[in-house]
Amino acid sequence: MRKSPVNGAAEHAVTTTKTYRNPTVLQTIRADVKRHWSIYVMAIPVIAYYLLFHYGPMYGLQIAFKDFSPAKGILGSPWVGFKHFESFFNGIYFWRLIKNTILINLYDLLFGFPAAIVLALLLNEIRHSVFKRVVQSISYLPHFISIVVVAGMMIDFLSRTGLINQLTGIFGIEPIDFLQDENWFRFLFVSSGIWQGIGWGSIVYLAAMATIDPTLYEAARMDGANRWKQTLHITIPGIMPTIVILFILQMGNMLTVGSEKVLLLYNPLTYGTADVISTYVYRKGVLEASYSFTAAVGLFNSVISFILIVAANSFVKRISENKLW
């Protein structure tokens, strides 16, 4: 049966309307690029950076499953499966490395993570602007000191003839070899990290506090709330999303400890508490040229970190509305 011109035009109009209302993904992308082309041009260097230095090197992860030889190259090296993973798991240092890495990060999570929050809360309560700026500047300065300089300061201050032992000697306390005693290493490592990063870490929380509506504090004062109650019921809930996000990200680093500072401070006498995964990878990979073994250890570390960050996000999502994704 032949359609009438009216019905045909109506169907064409409906089809055109549907096409207009439901554009394809490619059409949407093209329209967005055309509308915001300048933003996409600015994003090209960032995208190129991640492609070259983050996604590109993933091609080399396969050497974790090979006996890599620089002479044979990645493709020419023979496959060995999970040999290097088994060697790491069955190694005599495995549990020591895991224990030291987790404990250092756990101490930093328990003491270092809240330290920046507490400092930000205290700075937020200071009303004298000049004094506040002075305190902020003093607390920020250690962040800009090189790790090498910090390690040198610690070695000088904590030696048997250093400033700390000279001060304690006034009270009749015997000199202590702080950096030669493995029982002191975790405390010194974490406390120096807190000193160096507490001021810089507080900036994020101070910025989050600046977004809190001032009328909330005015209403709380009218209701008779003192400074402590305002902090407890307004400031802390206001920065809670920031706290949660940074907590989740830190959980993803529970098996990661920067090797630079440890390498500068530790020695064979303190390996029992100072040797962590990153320093072990340095010794095996750089000093012994065991590239496949260290690639396997690094891949294991990355997989566990990914699992931890997903687990932390799932846990936080169950107990609150704040989450990373």
# chains A, B, ... in the order shown; residues from 1 in each chain; ligands from 1
$ residues_around --residues "segment 303-305 of chain A" --least-positions-apart "6" --cutoff "7 Å" --atoms "only C-alpha atoms" --output "list of chain:residue names"
A:Gly252, A:Asn253, A:Met254, A:Leu255
$ closest_atom_pairs --of "segment 276-304 of chain A" --to "segment 65-83 of chain A" --cutoff "9 Å" --atoms "only C-alpha atoms" --output "Markdown table"
| residue | atom | partner | partner_atom | distance |
| --- | --- | --- | --- | --- |
| A:Ser290 | CA | A:Phe68 | CA | 8.5 |
| A:Tyr291 | CA | A:Phe68 | CA | 6.8 |
| A:Ser292 | CA | A:Phe68 | CA | 5.7 |
| A:Phe293 | CA | A:Asp67 | CA | 8.5 |
| A:Ala295 | CA | A:Phe65 | CA | 8.7 |
| A:Ala296 | CA | A:Phe65 | CA | 7.4 |
$ write_last_selection --atoms "N, CA and C atoms" --output "mmCIF file, in the first residue's frame"
data_model
loop_
_atom_site.group_PDB
_atom_site.id
_atom_site.type_symbol
_atom_site.label_atom_id
_atom_site.label_comp_id
_atom_site.auth_asym_id
_atom_site.auth_seq_id
_atom_site.Cartn_x
_atom_site.Cartn_y
_atom_site.Cartn_z
ATOM 1 N N SER A 290 69.364 -7.411 38.100
ATOM 2 C CA SER A 290 68.297 -8.422 37.974
ATOM 3 C C SER A 290 67.017 -7.725 37.541
ATOM 4 N N TYR A 291 66.968 -7.352 36.277
ATOM 5 C CA TYR A 291 65.871 -6.521 35.796
ATOM 6 C C TYR A 291 64.527 -7.249 35.835
ATOM 7 N N SER A 292 64.516 -8.500 35.442
ATOM 8 C CA SER A 292 63.254 -9.249 35.429
ATOM 9 C C SER A 292 62.717 -9.446 36.843
ATOM 10 N N PHE A 293 63.606 -9.744 37.775
ATOM 11 C CA PHE A 293 63.191 -9.953 39.160
ATOM 12 C C PHE A 293 62.591 -8.685 39.750
ATOM 13 N N ALA A 295 61.339 -6.161 38.112
ATOM 14 C CA ALA A 295 60.088 -5.857 37.418
ATOM 15 C C ALA A 295 58.941 -6.653 38.021
ATOM 16 N N ALA A 296 59.208 -7.898 38.381
ATOM 17 C CA ALA A 296 58.180 -8.727 39.012
ATOM 18 C C ALA A 296 57.790 -8.166 40.378
#
$ select_by_dssp --residues "segment 162-279 of chain A" --states "alpha helix (DSSP H)" --output "mmCIF file with N, CA, C and O atoms, in the first residue's frame"
data_model
loop_
_atom_site.group_PDB
_atom_site.id
_atom_site.type_symbol
_atom_site.label_atom_id
_atom_site.label_comp_id
_atom_site.auth_asym_id
_atom_site.auth_seq_id
_atom_site.Cartn_x
_atom_site.Cartn_y
_atom_site.Cartn_z
ATOM 1 N N LEU A 163 74.397 17.288 67.891
ATOM 2 C CA LEU A 163 73.712 18.235 68.773
ATOM 3 C C LEU A 163 72.800 17.538 69.769
ATOM 4 O O LEU A 163 72.757 17.906 70.952
ATOM 5 N N ILE A 164 72.075 16.524 69.307
ATOM 6 C CA ILE A 164 71.120 15.845 70.203
ATOM 7 C C ILE A 164 71.831 15.192 71.375
ATOM 8 O O ILE A 164 71.424 15.344 72.539
ATOM 9 N N ASN A 165 72.919 14.466 71.090
ATOM 10 C CA ASN A 165 73.657 13.807 72.172
ATOM 11 C C ASN A 165 74.361 14.810 73.075
ATOM 12 O O ASN A 165 74.537 14.564 74.272
ATOM 13 N N GLN A 166 74.764 15.948 72.521
ATOM 14 C CA GLN A 166 75.374 16.979 73.364
ATOM 15 C C GLN A 166 74.353 17.572 74.331
ATOM 16 O O GLN A 166 74.666 17.832 75.500
ATOM 17 N N LEU A 167 73.117 17.772 73.846
ATOM 18 C CA LEU A 167 72.075 18.319 74.714
ATOM 19 C C LEU A 167 71.665 17.313 75.781
ATOM 20 O O LEU A 167 71.476 17.676 76.949
ATOM 21 N N THR A 168 71.497 16.037 75.382
ATOM 22 C CA THR A 168 71.115 15.023 76.376
ATOM 23 C C THR A 168 72.250 14.743 77.349
ATOM 24 O O THR A 168 72.022 14.338 78.497
ATOM 25 N N GLY A 169 73.492 14.976 76.884
ATOM 26 C CA GLY A 169 74.636 14.752 77.776
ATOM 27 C C GLY A 169 74.657 15.716 78.942
ATOM 28 O O GLY A 169 75.231 15.415 80.004
ATOM 29 N N GLU A 182 68.799 -0.105 64.965
ATOM 30 C CA GLU A 182 67.616 -0.356 64.137
ATOM 31 C C GLU A 182 66.311 -0.041 64.860
ATOM 32 O O GLU A 182 65.289 0.205 64.212
ATOM 33 N N ASN A 183 66.315 -0.017 66.182
ATOM 34 C CA ASN A 183 65.090 0.277 66.917
ATOM 35 C C ASN A 183 64.668 1.743 66.799
ATOM 36 O O ASN A 183 63.514 2.079 67.071
ATOM 37 N N TRP A 184 65.592 2.615 66.420
ATOM 38 C CA TRP A 184 65.284 4.035 66.290
ATOM 39 C C TRP A 184 64.882 4.412 64.872
ATOM 40 O O TRP A 184 64.363 5.510 64.656
ATOM 41 N N PHE A 185 65.143 3.566 63.892
ATOM 42 C CA PHE A 185 65.029 3.994 62.497
ATOM 43 C C PHE A 185 63.612 4.413 62.126
ATOM 44 O O PHE A 185 63.408 5.481 61.528
ATOM 45 N N ARG A 186 62.603 3.604 62.427
ATOM 46 C CA ARG A 186 61.226 3.924 62.022
ATOM 47 C C ARG A 186 60.764 5.228 62.642
ATOM 48 O O ARG A 186 60.127 6.055 61.981
ATOM 49 N N PHE A 187 61.081 5.415 63.916
ATOM 50 C CA PHE A 187 60.685 6.654 64.592
ATOM 51 C C PHE A 187 61.327 7.865 63.924
ATOM 52 O O PHE A 187 60.666 8.874 63.651
ATOM 53 N N LEU A 188 62.619 7.789 63.656
ATOM 54 C CA LEU A 188 63.328 8.911 63.043
ATOM 55 C C LEU A 188 62.832 9.170 61.623
ATOM 56 O O LEU A 188 62.675 10.325 61.213
ATOM 57 N N PHE A 189 62.580 8.111 60.877
ATOM 58 C CA PHE A 189 62.123 8.256 59.490
ATOM 59 C C PHE A 189 60.755 8.917 59.436
ATOM 60 O O PHE A 189 60.529 9.874 58.684
ATOM 61 N N VAL A 190 59.819 8.428 60.243
ATOM 62 C CA VAL A 190 58.451 8.962 60.216
ATOM 63 C C VAL A 190 58.404 10.372 60.794
ATOM 64 O O VAL A 190 57.762 11.262 60.231
ATOM 65 N N SER A 191 59.084 10.610 61.912
ATOM 66 C CA SER A 191 59.042 11.937 62.541
ATOM 67 C C SER A 191 59.678 12.997 61.651
ATOM 68 O O SER A 191 59.168 14.125 61.559
ATOM 69 N N SER A 192 60.767 12.670 60.991
ATOM 70 C CA SER A 192 61.383 13.643 60.075
ATOM 71 C C SER A 192 60.486 13.906 58.877
ATOM 72 O O SER A 192 60.434 15.028 58.354
ATOM 73 N N GLY A 193 59.764 12.878 58.433
ATOM 74 C CA GLY A 193 58.814 13.078 57.339
ATOM 75 C C GLY A 193 57.657 13.977 57.740
ATOM 76 O O GLY A 193 57.195 14.802 56.942
ATOM 77 N N ILE A 194 57.193 13.821 58.983
ATOM 78 C CA ILE A 194 56.122 14.698 59.480
ATOM 79 C C ILE A 194 56.613 16.141 59.543
ATOM 80 O O ILE A 194 55.914 17.066 59.119
ATOM 81 N N TRP A 195 57.818 16.330 60.082
ATOM 82 C CA TRP A 195 58.388 17.680 60.166
ATOM 83 C C TRP A 195 58.505 18.322 58.790
ATOM 84 O O TRP A 195 58.210 19.503 58.617
ATOM 85 N N GLN A 196 58.900 17.539 57.810
ATOM 86 C CA GLN A 196 59.123 18.095 56.476
ATOM 87 C C GLN A 196 57.832 18.331 55.715
ATOM 88 O O GLN A 196 57.757 19.240 54.888
ATOM 89 N N GLY A 197 56.786 17.561 55.974
ATOM 90 C CA GLY A 197 55.589 17.645 55.138
ATOM 91 C C GLY A 197 54.343 18.176 55.802
ATOM 92 O O GLY A 197 53.330 18.393 55.122
ATOM 93 N N ILE A 198 54.369 18.413 57.110
ATOM 94 C CA ILE A 198 53.143 18.800 57.811
ATOM 95 C C ILE A 198 52.610 20.148 57.324
ATOM 96 O O ILE A 198 51.401 20.304 57.113
ATOM 97 N N GLY A 199 53.481 21.117 57.132
ATOM 98 C CA GLY A 199 53.025 22.440 56.697
ATOM 99 C C GLY A 199 52.465 22.419 55.289
ATOM 100 O O GLY A 199 51.407 22.995 55.020
ATOM 101 N N TRP A 200 53.172 21.754 54.392
ATOM 102 C CA TRP A 200 52.712 21.673 53.007
ATOM 103 C C TRP A 200 51.406 20.895 52.912
ATOM 104 O O TRP A 200 50.514 21.246 52.145
ATOM 105 N N GLY A 201 51.284 19.833 53.700
ATOM 106 C CA GLY A 201 50.059 19.039 53.665
ATOM 107 C C GLY A 201 48.851 19.778 54.188
ATOM 108 O O GLY A 201 47.711 19.504 53.786
ATOM 109 N N SER A 202 49.079 20.747 55.077
ATOM 110 C CA SER A 202 47.952 21.500 55.644
ATOM 111 C C SER A 202 47.321 22.459 54.638
ATOM 112 O O SER A 202 46.198 22.916 54.848
ATOM 113 N N ILE A 203 48.038 22.782 53.559
ATOM 114 C CA ILE A 203 47.508 23.733 52.579
ATOM 115 C C ILE A 203 46.204 23.230 51.980
ATOM 116 O O ILE A 203 45.244 23.990 51.783
ATOM 117 N N VAL A 204 46.135 21.942 51.685
ATOM 118 C CA VAL A 204 44.935 21.370 51.078
ATOM 119 C C VAL A 204 43.740 21.534 51.998
ATOM 120 O O VAL A 204 42.642 21.911 51.565
ATOM 121 N N TYR A 205 43.942 21.278 53.292
ATOM 122 C CA TYR A 205 42.844 21.381 54.245
ATOM 123 C C TYR A 205 42.449 22.836 54.489
ATOM 124 O O TYR A 205 41.258 23.133 54.668
ATOM 125 N N LEU A 206 43.412 23.737 54.493
ATOM 126 C CA LEU A 206 43.087 25.159 54.642
ATOM 127 C C LEU A 206 42.271 25.648 53.448
ATOM 128 O O LEU A 206 41.343 26.451 53.605
ATOM 129 N N ALA A 207 42.605 25.156 52.264
ATOM 130 C CA ALA A 207 41.824 25.525 51.079
ATOM 131 C C ALA A 207 40.407 24.977 51.170
ATOM 132 O O ALA A 207 39.440 25.650 50.776
ATOM 133 N N ALA A 208 40.263 23.764 51.708
ATOM 134 C CA ALA A 208 38.922 23.197 51.881
ATOM 135 C C ALA A 208 38.123 23.979 52.919
ATOM 136 O O ALA A 208 36.912 24.181 52.764
ATOM 137 N N MET A 209 38.785 24.447 53.974
ATOM 138 C CA MET A 209 38.100 25.239 54.999
ATOM 139 C C MET A 209 37.626 26.572 54.449
ATOM 140 O O MET A 209 36.600 27.111 54.893
ATOM 141 N N ALA A 210 38.347 27.114 53.482
ATOM 142 C CA ALA A 210 37.970 28.410 52.906
ATOM 143 C C ALA A 210 36.667 28.333 52.124
ATOM 144 O O ALA A 210 36.024 29.361 51.878
ATOM 145 N N PRO A 214 30.497 30.856 55.648
ATOM 146 C CA PRO A 214 30.671 31.565 56.936
ATOM 147 C C PRO A 214 29.376 31.707 57.725
ATOM 148 O O PRO A 214 29.413 31.844 58.955
ATOM 149 N N THR A 215 28.233 31.679 57.029
ATOM 150 C CA THR A 215 26.962 31.823 57.743
ATOM 151 C C THR A 215 26.711 30.656 58.696
ATOM 152 O O THR A 215 25.967 30.799 59.665
ATOM 153 N N LEU A 216 27.327 29.521 58.410
ATOM 154 C CA LEU A 216 27.175 28.377 59.312
ATOM 155 C C LEU A 216 27.798 28.676 60.670
ATOM 156 O O LEU A 216 27.236 28.325 61.711
ATOM 157 N N TYR A 217 28.953 29.336 60.661
ATOM 158 C CA TYR A 217 29.598 29.709 61.927
ATOM 159 C C TYR A 217 28.786 30.774 62.661
ATOM 160 O O TYR A 217 28.661 30.733 63.898
ATOM 161 N N GLU A 218 28.218 31.717 61.917
ATOM 162 C CA GLU A 218 27.396 32.753 62.544
ATOM 163 C C GLU A 218 26.169 32.151 63.208
ATOM 164 O O GLU A 218 25.810 32.521 64.333
ATOM 165 N N ALA A 219 25.527 31.211 62.518
ATOM 166 C CA ALA A 219 24.354 30.550 63.095
ATOM 167 C C ALA A 219 24.736 29.742 64.328
ATOM 168 O O ALA A 219 23.996 29.721 65.330
ATOM 169 N N ALA A 220 25.905 29.078 64.270
ATOM 170 C CA ALA A 220 26.351 28.287 65.422
ATOM 171 C C ALA A 220 26.645 29.184 66.624
ATOM 172 O O ALA A 220 26.311 28.840 67.759
ATOM 173 N N ARG A 221 27.254 30.357 66.395
ATOM 174 C CA ARG A 221 27.535 31.284 67.498
ATOM 175 C C ARG A 221 26.238 31.810 68.113
ATOM 176 O O ARG A 221 26.138 31.974 69.332
ATOM 177 N N MET A 222 25.248 32.063 67.260
ATOM 178 C CA MET A 222 23.956 32.524 67.780
ATOM 179 C C MET A 222 23.283 31.452 68.628
ATOM 180 O O MET A 222 22.544 31.756 69.572
ATOM 181 N N ARG A 227 34.065 27.701 70.185
ATOM 182 C CA ARG A 227 34.991 27.433 69.077
ATOM 183 C C ARG A 227 35.195 25.930 68.874
ATOM 184 O O ARG A 227 35.320 25.462 67.741
ATOM 185 N N TRP A 228 35.269 25.186 69.970
ATOM 186 C CA TRP A 228 35.476 23.748 69.862
ATOM 187 C C TRP A 228 34.294 23.076 69.168
ATOM 188 O O TRP A 228 34.474 22.230 68.292
ATOM 189 N N LYS A 229 33.082 23.456 69.550
ATOM 190 C CA LYS A 229 31.899 22.850 68.941
ATOM 191 C C LYS A 229 31.750 23.261 67.473
ATOM 192 O O LYS A 229 31.288 22.473 66.639
ATOM 193 N N GLN A 230 32.146 24.486 67.155
ATOM 194 C CA GLN A 230 32.109 24.911 65.756
ATOM 195 C C GLN A 230 33.081 24.082 64.919
ATOM 196 O O GLN A 230 32.764 23.679 63.796
ATOM 197 N N ILE A 236 35.188 20.279 60.669
ATOM 198 C CA ILE A 236 35.592 18.908 60.330
ATOM 199 C C ILE A 236 34.639 18.272 59.322
ATOM 200 O O ILE A 236 35.101 17.688 58.328
ATOM 201 N N PRO A 237 33.298 18.359 59.512
ATOM 202 C CA PRO A 237 32.418 17.825 58.449
ATOM 203 C C PRO A 237 32.615 18.532 57.113
ATOM 204 O O PRO A 237 32.457 17.918 56.048
ATOM 205 N N GLY A 238 32.976 19.806 57.139
ATOM 206 C CA GLY A 238 33.167 20.542 55.894
ATOM 207 C C GLY A 238 34.372 20.077 55.099
ATOM 208 O O GLY A 238 34.372 20.145 53.863
ATOM 209 N N ILE A 239 35.420 19.628 55.805
ATOM 210 C CA ILE A 239 36.610 19.160 55.093
ATOM 211 C C ILE A 239 36.666 17.636 55.000
ATOM 212 O O ILE A 239 37.650 17.083 54.506
ATOM 213 N N MET A 240 35.611 16.962 55.457
ATOM 214 C CA MET A 240 35.611 15.501 55.447
ATOM 215 C C MET A 240 35.784 14.904 54.050
ATOM 216 O O MET A 240 36.509 13.909 53.887
ATOM 217 N N PRO A 241 35.145 15.444 52.999
ATOM 218 C CA PRO A 241 35.393 14.875 51.650
ATOM 219 C C PRO A 241 36.868 14.919 51.263
ATOM 220 O O PRO A 241 37.387 13.959 50.673
ATOM 221 N N THR A 242 37.555 15.999 51.604
ATOM 222 C CA THR A 242 38.991 16.101 51.305
ATOM 223 C C THR A 242 39.776 15.081 52.112
ATOM 224 O O THR A 242 40.700 14.435 51.587
ATOM 225 N N ILE A 243 39.434 14.923 53.382
ATOM 226 C CA ILE A 243 40.119 13.953 54.234
ATOM 227 C C ILE A 243 39.951 12.545 53.677
ATOM 228 O O ILE A 243 40.907 11.760 53.599
ATOM 229 N N VAL A 244 38.740 12.217 53.260
ATOM 230 C CA VAL A 244 38.459 10.871 52.748
ATOM 231 C C VAL A 244 39.256 10.596 51.477
ATOM 232 O O VAL A 244 39.853 9.525 51.317
ATOM 233 N N ILE A 245 39.274 11.550 50.558
ATOM 234 C CA ILE A 245 39.993 11.352 49.296
ATOM 235 C C ILE A 245 41.489 11.140 49.545
ATOM 236 O O ILE A 245 42.114 10.221 48.994
ATOM 237 N N LEU A 246 42.084 11.972 50.403
ATOM 238 C CA LEU A 246 43.507 11.830 50.695
ATOM 239 C C LEU A 246 43.799 10.548 51.469
ATOM 240 O O LEU A 246 44.854 9.933 51.289
ATOM 241 N N PHE A 247 42.856 10.132 52.313
ATOM 242 C CA PHE A 247 43.025 8.865 53.037
ATOM 243 C C PHE A 247 43.027 7.684 52.071
ATOM 244 O O PHE A 247 43.866 6.776 52.179
ATOM 245 N N ILE A 248 42.116 7.688 51.122
ATOM 246 C CA ILE A 248 42.058 6.595 50.141
ATOM 247 C C ILE A 248 43.337 6.551 49.318
ATOM 248 O O ILE A 248 43.897 5.477 49.065
ATOM 249 N N LEU A 249 43.805 7.721 48.896
ATOM 250 C CA LEU A 249 45.035 7.767 48.108
ATOM 251 C C LEU A 249 46.235 7.285 48.914
ATOM 252 O O LEU A 249 47.121 6.604 48.386
ATOM 253 N N GLN A 250 46.270 7.609 50.204
ATOM 254 C CA GLN A 250 47.383 7.154 51.042
ATOM 255 C C GLN A 250 47.316 5.651 51.259
ATOM 256 O O GLN A 250 48.360 4.997 51.358
ATOM 257 N N MET A 251 46.120 5.098 51.333
ATOM 258 C CA MET A 251 45.992 3.650 51.474
ATOM 259 C C MET A 251 46.585 2.935 50.266
ATOM 260 O O MET A 251 47.109 1.824 50.376
ATOM 261 N N SER A 259 62.465 5.398 48.224
ATOM 262 C CA SER A 259 63.769 4.776 48.467
ATOM 263 C C SER A 259 64.872 5.793 48.735
ATOM 264 O O SER A 259 65.871 5.462 49.384
ATOM 265 N N GLU A 260 64.716 7.044 48.263
ATOM 266 C CA GLU A 260 65.814 8.009 48.367
ATOM 267 C C GLU A 260 66.232 8.245 49.815
ATOM 268 O O GLU A 260 67.417 8.145 50.161
ATOM 269 N N LYS A 261 65.277 8.553 50.651
ATOM 270 C CA LYS A 261 65.592 8.885 52.043
ATOM 271 C C LYS A 261 66.107 7.669 52.805
ATOM 272 O O LYS A 261 67.038 7.779 53.617
ATOM 273 N N VAL A 262 65.518 6.513 52.537
ATOM 274 C CA VAL A 262 65.971 5.293 53.215
ATOM 275 C C VAL A 262 67.404 4.974 52.808
ATOM 276 O O VAL A 262 68.251 4.632 53.650
ATOM 277 N N LEU A 263 67.710 5.103 51.526
ATOM 278 C CA LEU A 263 69.057 4.809 51.050
ATOM 279 C C LEU A 263 70.092 5.739 51.688
ATOM 280 O O LEU A 263 71.236 5.342 51.929
ATOM 281 N N LEU A 264 69.699 6.966 51.961
ATOM 282 C CA LEU A 264 70.621 7.933 52.551
ATOM 283 C C LEU A 264 70.829 7.707 54.044
ATOM 284 O O LEU A 264 71.858 8.126 54.600
ATOM 285 N N LEU A 265 69.861 7.051 54.695
ATOM 286 C CA LEU A 265 69.924 6.926 56.156
ATOM 287 C C LEU A 265 70.280 5.527 56.645
ATOM 288 O O LEU A 265 70.857 5.382 57.721
ATOM 289 N N TYR A 271 69.237 -2.785 58.652
ATOM 290 C CA TYR A 271 68.423 -3.470 57.641
ATOM 291 C C TYR A 271 67.191 -4.148 58.256
ATOM 292 O O TYR A 271 66.163 -4.277 57.613
ATOM 293 N N GLY A 272 67.308 -4.568 59.498
ATOM 294 C CA GLY A 272 66.209 -5.298 60.132
ATOM 295 C C GLY A 272 64.913 -4.514 60.181
ATOM 296 O O GLY A 272 63.823 -5.094 60.110
ATOM 297 N N THR A 273 64.996 -3.186 60.306
ATOM 298 C CA THR A 273 63.787 -2.348 60.359
ATOM 299 C C THR A 273 63.731 -1.331 59.229
ATOM 300 O O THR A 273 62.687 -0.724 59.007
ATOM 301 N N ALA A 274 64.835 -1.133 58.518
ATOM 302 C CA ALA A 274 64.886 -0.079 57.503
ATOM 303 C C ALA A 274 64.748 -0.593 56.080
ATOM 304 O O ALA A 274 64.352 0.164 55.185
ATOM 305 N N ILE A 277 60.694 -2.503 50.410
ATOM 306 C CA ILE A 277 60.600 -3.063 49.059
ATOM 307 C C ILE A 277 61.378 -2.218 48.061
ATOM 308 O O ILE A 277 62.100 -2.752 47.211
ATOM 309 N N SER A 278 61.263 -0.907 48.142
ATOM 310 C CA SER A 278 61.908 -0.041 47.160
ATOM 311 C C SER A 278 63.430 -0.126 47.233
ATOM 312 O O SER A 278 64.105 -0.102 46.196
ATOM 313 N N THR A 279 63.997 -0.213 48.437
ATOM 314 C CA THR A 279 65.458 -0.317 48.549
ATOM 315 C C THR A 279 65.936 -1.697 48.095
ATOM 316 O O THR A 279 67.020 -1.817 47.509
#
$ closest_residue --among "A:Ala48, A:Ile307, A:Val316, A:Val257" --to "Leu106 of chain A" --atoms "only C-alpha atoms"
A:Val257
$ atom_distance --atom1 "atom CA of Gln62 of chain A" --atom2 "atom CA of Ser87 of chain A"
16.6 Å
$ closest_residue --among "A:Leu109, A:Val135, A:Val46, A:Leu179" --to "Tyr266 of chain A" --atoms "only C-alpha atoms"
A:Leu179
$ closest_residue --among "A:Ile39, A:Val297, A:Ile102, A:Ile212" --to "Asn124 of chain A" --atoms "only C-alpha atoms"
A:Ile212
